[in-house]
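Participant: Next comes the structure file data34.pdb, holding PDB, C-alpha atoms.
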ATOM      1  CA  MET B   1     -11.843 -20.253  12.529
ATOM      2  CA  ASN B   2      -9.043 -21.887  10.559
ATOM      3  CA  GLY B   3      -7.407 -18.552   9.795
ATOM      4  CA  ALA B   4      -8.782 -18.253   6.276
ATOM      5  CA  PRO B   5     -10.803 -15.101   5.634
ATOM      6  CA  GLN B   6     -14.520 -15.821   5.497
ATOM      7  CA  SER B   7     -16.197 -12.503   4.781
ATOM      8  CA  PRO B   8     -16.110 -10.465   1.552
ATOM      9  CA  LEU B   9     -15.395  -7.429   3.745
ATOM     10  CA  ILE B  10     -12.313  -9.130   5.165
ATOM     11  CA  TRP B  11     -11.140  -9.969   1.656
ATOM     12  CA  ALA B  12     -11.741  -6.346   0.643
ATOM     13  CA  GLY B  13      -9.604  -5.232   3.568
ATOM     14  CA  LEU B  14      -6.848  -7.739   2.820
ATOM     15  CA  LEU B  15      -6.630  -6.535  -0.775
ATOM     16  CA  GLY B  16      -7.668  -2.920  -0.217
ATOM     17  CA  THR B  17      -5.137  -2.066   2.462
ATOM     18  CA  PRO B  18      -2.100  -2.821   0.276
ATOM     19  CA  LEU B  19      -3.771  -0.869  -2.531
ATOM     20  CA  LEU B  20      -4.307   2.139  -0.254
ATOM     21  CA  ILE B  21      -0.678   1.930   0.898
ATOM     22  CA  ALA B  22       0.437   1.798  -2.746
ATOM     23  CA  VAL B  23      -1.652   4.875  -3.597
ATOM     24  CA  GLY B  24      -0.055   6.610  -0.618
ATOM     25  CA  GLN B  25       3.387   5.751  -2.010
ATOM     26  CA  LEU B  26       2.432   7.214  -5.376
ATOM     27  CA  LEU B  27       1.327  10.418  -3.634
ATOM     28  CA  PHE B  28       4.571  10.508  -1.619
ATOM     29  CA  LYS B  29       6.473  10.355  -4.913
ATOM     30  CA  LEU B  30       4.383  13.217  -6.301
ATOM     31  CA  THR B  31       5.015  15.165  -3.100
ATOM     32  CA  SER B  32       8.762  14.652  -3.463
ATOM     33  CA  ALA B  33       8.668  16.527  -6.777
ATOM     34  CA  GLN B  34       7.094  19.512  -5.022
ATOM     35  CA  VAL B  35       9.628  20.014  -2.232
ATOM     36  CA  GLY B  36      12.862  21.916  -2.372
ATOM     37  CA  GLU B  37      16.205  21.158  -0.833
ATOM     38  CA  PRO B  38      16.229  19.783   2.717
ATOM     39  CA  GLY B  39      15.796  22.538   5.247
ATOM     40  CA  VAL B  40      13.415  24.245   7.609
ATOM     41  CA  ARG B  41      11.534  26.040   4.835
ATOM     42  CA  SER B  42      10.931  22.829   2.877
ATOM     43  CA  LEU B  43       9.905  21.006   6.027
ATOM     44  CA  LEU B  44       7.390  23.690   6.910
ATOM     45  CA  GLY B  45       6.074  23.582   3.346
ATOM     46  CA  LEU B  46       5.479  19.853   3.669
ATOM     47  CA  PHE B  47       3.081  20.380   6.561
ATOM     48  CA  LEU B  48       0.830  22.401   4.244
ATOM     49  CA  ASN B  49       1.314  20.318   1.100
ATOM     50  CA  PRO B  50      -2.123  19.057  -0.030
ATOM     51  CA  THR B  51      -0.671  16.017  -1.795
ATOM     52  CA  LEU B  52       1.135  14.913   1.349
ATOM     53  CA  ILE B  53      -1.966  15.513   3.464
ATOM     54  CA  VAL B  54      -4.058  13.322   1.150
ATOM     55  CA  ALA B  55      -1.321  10.643   1.207
ATOM     56  CA  LEU B  56      -1.321  10.611   5.003
ATOM     57  CA  VAL B  57      -5.123  10.413   5.135
ATOM     58  CA  ILE B  58      -5.076   7.450   2.736
ATOM     59  CA  TYR B  59      -2.365   5.751   4.799
ATOM     60  CA  GLY B  60      -4.396   6.381   7.942
ATOM     61  CA  LEU B  61      -7.530   4.941   6.354
ATOM     62  CA  GLY B  62      -5.584   1.866   5.265
ATOM     63  CA  THR B  63      -4.288   1.441   8.807
ATOM     64  CA  ILE B  64      -7.773   1.663  10.316
ATOM     65  CA  ILE B  65      -9.117  -0.884   7.837
ATOM     66  CA  TRP B  66      -6.145  -3.139   8.610
ATOM     67  CA  ILE B  67      -6.896  -3.045  12.333
ATOM     68  CA  PHE B  68     -10.409  -4.348  11.656
ATOM     69  CA  VAL B  69      -9.052  -7.044   9.322
ATOM     70  CA  LEU B  70      -6.703  -8.231  12.058
ATOM     71  CA  ARG B  71      -9.675  -8.877  14.337
ATOM     72  CA  SER B  72     -10.668 -11.737  12.027
ATOM     73  CA  VAL B  73      -7.450 -13.020  10.477
ATOM     74  CA  PRO B  74      -4.237 -14.138  12.192
ATOM     75  CA  LEU B  75      -1.402 -11.682  11.636
ATOM     76  CA  THR B  76       0.819 -14.440  10.257
ATOM     77  CA  LEU B  77      -1.642 -14.976   7.412
ATOM     78  CA  ALA B  78      -2.870 -11.430   6.931
ATOM     79  CA  TYR B  79       0.558  -9.852   6.724
ATOM     80  CA  SER B  80       1.456 -11.847   3.635
ATOM     81  CA  PHE B  81      -1.080  -9.706   1.769
ATOM     82  CA  MET B  82       1.065  -6.650   2.441
ATOM     83  CA  ALA B  83       3.478  -8.080  -0.133
ATOM     84  CA  LEU B  84       0.878  -7.105  -2.715
ATOM     85  CA  THR B  85       1.985  -3.518  -2.153
ATOM     86  CA  PHE B  86       5.126  -4.464  -4.093
ATOM     87  CA  CYS B  87       2.832  -5.494  -6.966
ATOM     88  CA  PHE B  88       0.503  -2.493  -6.856
ATOM     89  CA  VAL B  89       3.194   0.217  -6.642
ATOM     90  CA  PRO B  90       4.927  -0.613  -9.955
ATOM     91  CA  VAL B  91       1.590  -0.847 -11.767
ATOM     92  CA  LEU B  92       0.414   2.501 -10.378
ATOM     93  CA  ALA B  93       3.812   4.079 -11.079
ATOM     94  CA  SER B  94       3.575   2.867 -14.654
ATOM     95  CA  LEU B  95       0.021   4.114 -15.133
ATOM     96  CA  PHE B  96       0.353   7.497 -13.432
ATOM     97  CA  LEU B  97       4.058   8.373 -13.514
ATOM     98  CA  GLY B  98       5.077   6.784 -16.788
ATOM     99  CA  GLU B  99       7.615   4.493 -15.124
ATOM    100  CA  ILE B 100       8.586   1.384 -17.051
ATOM    101  CA  LEU B 101       7.288  -2.037 -16.015
ATOM    102  CA  THR B 102      10.091  -4.501 -16.693
ATOM    103  CA  ALA B 103       9.811  -8.235 -17.156
ATOM    104  CA  ARG B 104      11.779  -8.671 -13.905
ATOM    105  CA  THR B 105       9.221  -6.579 -12.041
ATOM    106  CA  LEU B 106       6.336  -8.577 -13.485
ATOM    107  CA  ILE B 107       8.017 -11.903 -12.685
ATOM    108  CA  GLY B 108       8.753 -10.714  -9.153
ATOM    109  CA  ALA B 109       5.138  -9.611  -8.720
ATOM    110  CA  ALA B 110       3.915 -12.992  -9.937
ATOM    111  CA  LEU B 111       6.181 -14.713  -7.396
ATOM    112  CA  LEU B 112       4.841 -12.484  -4.612
ATOM    113  CA  VAL B 113       1.265 -13.320  -5.543
ATOM    114  CA  ALA B 114       2.151 -17.023  -5.678
ATOM    115  CA  GLY B 115       3.796 -16.771  -2.262
ATOM    116  CA  THR B 116       0.732 -15.085  -0.804
ATOM    117  CA  ILE B 117      -1.441 -17.873  -2.191
ATOM    118  CA  VAL B 118       0.845 -20.565  -0.759
ATOM    119  CA  ILE B 119       0.959 -18.926   2.688
ATOM    120  CA  ASN B 120      -2.820 -18.618   2.816
ATOM    121  CA  SER B 121      -3.734 -22.044   1.427
TER     122      SER B 121
END
Now that the file is in, can you turn its structure into structure tokens?
Facilitator:
Amino acid sequence: MNGAPQSPLIWAGLLGTPLLIAVGQLLFKLTSAQVGEPGVRSLLGLFLNPTLIVALVIYGLGTIIWIFVLRSVPLTLAYSFMALTFCFVPVLASLFLGEILTARTLIGAALLVAGTIVINS
């Protein structure tokens, strides 16, 4: 194998893992709005917080998928796809949290995508 992904499942994992990580980040942000000041009580509350639990499950699922992707793709190529997380997070934050997408963010995302293409070509 020349390192390029061959299977649609591998491509789904390469693109899906950063998306799952980005969703987890969105849920971490939502969790942060539900916790109080740092302390034992807040920490204990986190262990039972449903939003945090879902975020951790999504992160775990992304990690398991990533492990299977790495069976077929060299880490040096595969890891470049993790940069897509920096593209997905601002889009999700804009859609679900009302955060503003700036031109700088969009240009940066385009450069990350271009870099991923260059690394994997």
Participant: Padding 5 Å on each side, edges along x, y and z: where is the centre of the box around the listed atoms of segment 70-80 of chain B, and how long are its edges in Å to one decimal? Output it as AutoDock Vina command-line options.
Facilitator:
--center_x -4.6 --center_y -11.6 --center_z 9.0 --size_x 22.1 --size_y 16.7 --size_z 20.7
Participant: Quick check on the file I pasted: which residues fall under the PyMOL selection byres ((chain B and resi 58-67) around 6)? Write them as a list in words.
Facilitator: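 With the PyMOL selection byres ((chain B and resi 58-67) around 6) on this model, the match is Thr17, Leu20, Ile21, Gly24, Ala55, Leu56, Val57, Phe68, Val69 and Leu70 of chain B.
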Participant: Distance atom CA of Leu106 of chain B-atom CA of Pro8 of chain B, one decimal place?
Facilitator: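 That distance, rounded to one decimal, is 27.1 Å.
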Participant: Rounded to one decimal, what separation in Å do you get between atom CA of Leu101 of chain B and atom CA of Phe81 of chain B?
Facilitator: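 Between these atoms lies a distance of 21.1 Å.
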Participant: Atom CA of Thr76 of chain B and atom CA of Ala114 of chain B are how many Å apart?
Facilitator: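 Those two atoms sit 16.2 Å apart.
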Participant: So, counting all atoms listed in the file, which residue among B:Asn49, B:Asn120, B:Gln34, B:Gln25 is closest to Val91 of chain B?
Facilitator: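 Closest candidate: B:Gln25.
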Participant: With distances taken over all atoms listed in the file, which of B:Ile53, B:Ala83, B:Leu44, B:Ala103 is nearest to Leu19 of chain B?
Facilitator: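 The closest residue to Leu19 of chain B is B:Ala83.
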Participant: Choose the residue, out of B:Ser42, B:Ser72, B:Thr51, B:Thr31, that has the smallest atom-to-atom separation from Gly13 of chain B; count all atoms listed in the file.
Facilitator: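 Nearest candidate to Gly13 of chain B out of B:Ser42, B:Ser72, B:Thr51, B:Thr31: B:Ser72.
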Participant: Any chance you could resolve the PyMOL selection byres ((chain B and resi 86) around 9) against this file and give the residues as a PyMOL selection string?
Facilitator: chain B and resi 18+22+82-85+87-90+108-109+112
Participant: Take the selection from the previous step and output its residues with C-alpha atoms, as a PDB file, keeping the file's coordinate frame.
Facilitator:
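Listed below is the output, selection_25.pdb:
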ATOM      1  CA  PRO B  18      -2.100  -2.821   0.276  1.00  0.00           C
ATOM      2  CA  ALA B  22       0.437   1.798  -2.746  1.00  0.00           C
ATOM      3  CA  MET B  82       1.065  -6.650   2.441  1.00  0.00           C
ATOM      4  CA  ALA B  83       3.478  -8.080  -0.133  1.00  0.00           C
ATOM      5  CA  LEU B  84       0.878  -7.105  -2.715  1.00  0.00           C
ATOM      6  CA  THR B  85       1.985  -3.518  -2.153  1.00  0.00           C
ATOM      7  CA  CYS B  87       2.832  -5.494  -6.966  1.00  0.00           C
ATOM      8  CA  PHE B  88       0.503  -2.493  -6.856  1.00  0.00           C
ATOM      9  CA  VAL B  89       3.194   0.217  -6.642  1.00  0.00           C
ATOM     10  CA  PRO B  90       4.927  -0.613  -9.955  1.00  0.00           C
ATOM     11  CA  GLY B 108       8.753 -10.714  -9.153  1.00  0.00           C
ATOM     12  CA  ALA B 109       5.138  -9.611  -8.720  1.00  0.00           C
ATOM     13  CA  LEU B 112       4.841 -12.484  -4.612  1.00  0.00           C
TER      14      LEU B 112
END
Participant: Let me make sure I understand: among B:Ala12, B:Ser80, B:Glu37, B:Leu75, which one has the smallest atom-to-atom distance to Thr116 of chain B if we use only C-alpha atoms?
Facilitator: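 Counting only C-alpha atoms, the residue closest to Thr116 of chain B is B:Ser80.
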Participant: Between B:Arg41, B:Gly115, B:Val35, B:Phe96, which is the closest to Tyr79 of chain B once you count only C-alpha atoms?
Facilitator: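 Of B:Arg41, B:Gly115, B:Val35, B:Phe96, the one nearest Tyr79 of chain B is B:Gly115, counting only C-alpha atoms.
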Participant: Between B:Val54, B:Ala78, B:Leu26, B:Leu9, which is the closest to Ile119 of chain B once you count all atoms listed in the file?
Facilitator: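 The answer is B:Ala78, which sits nearest to Ile119 of chain B.
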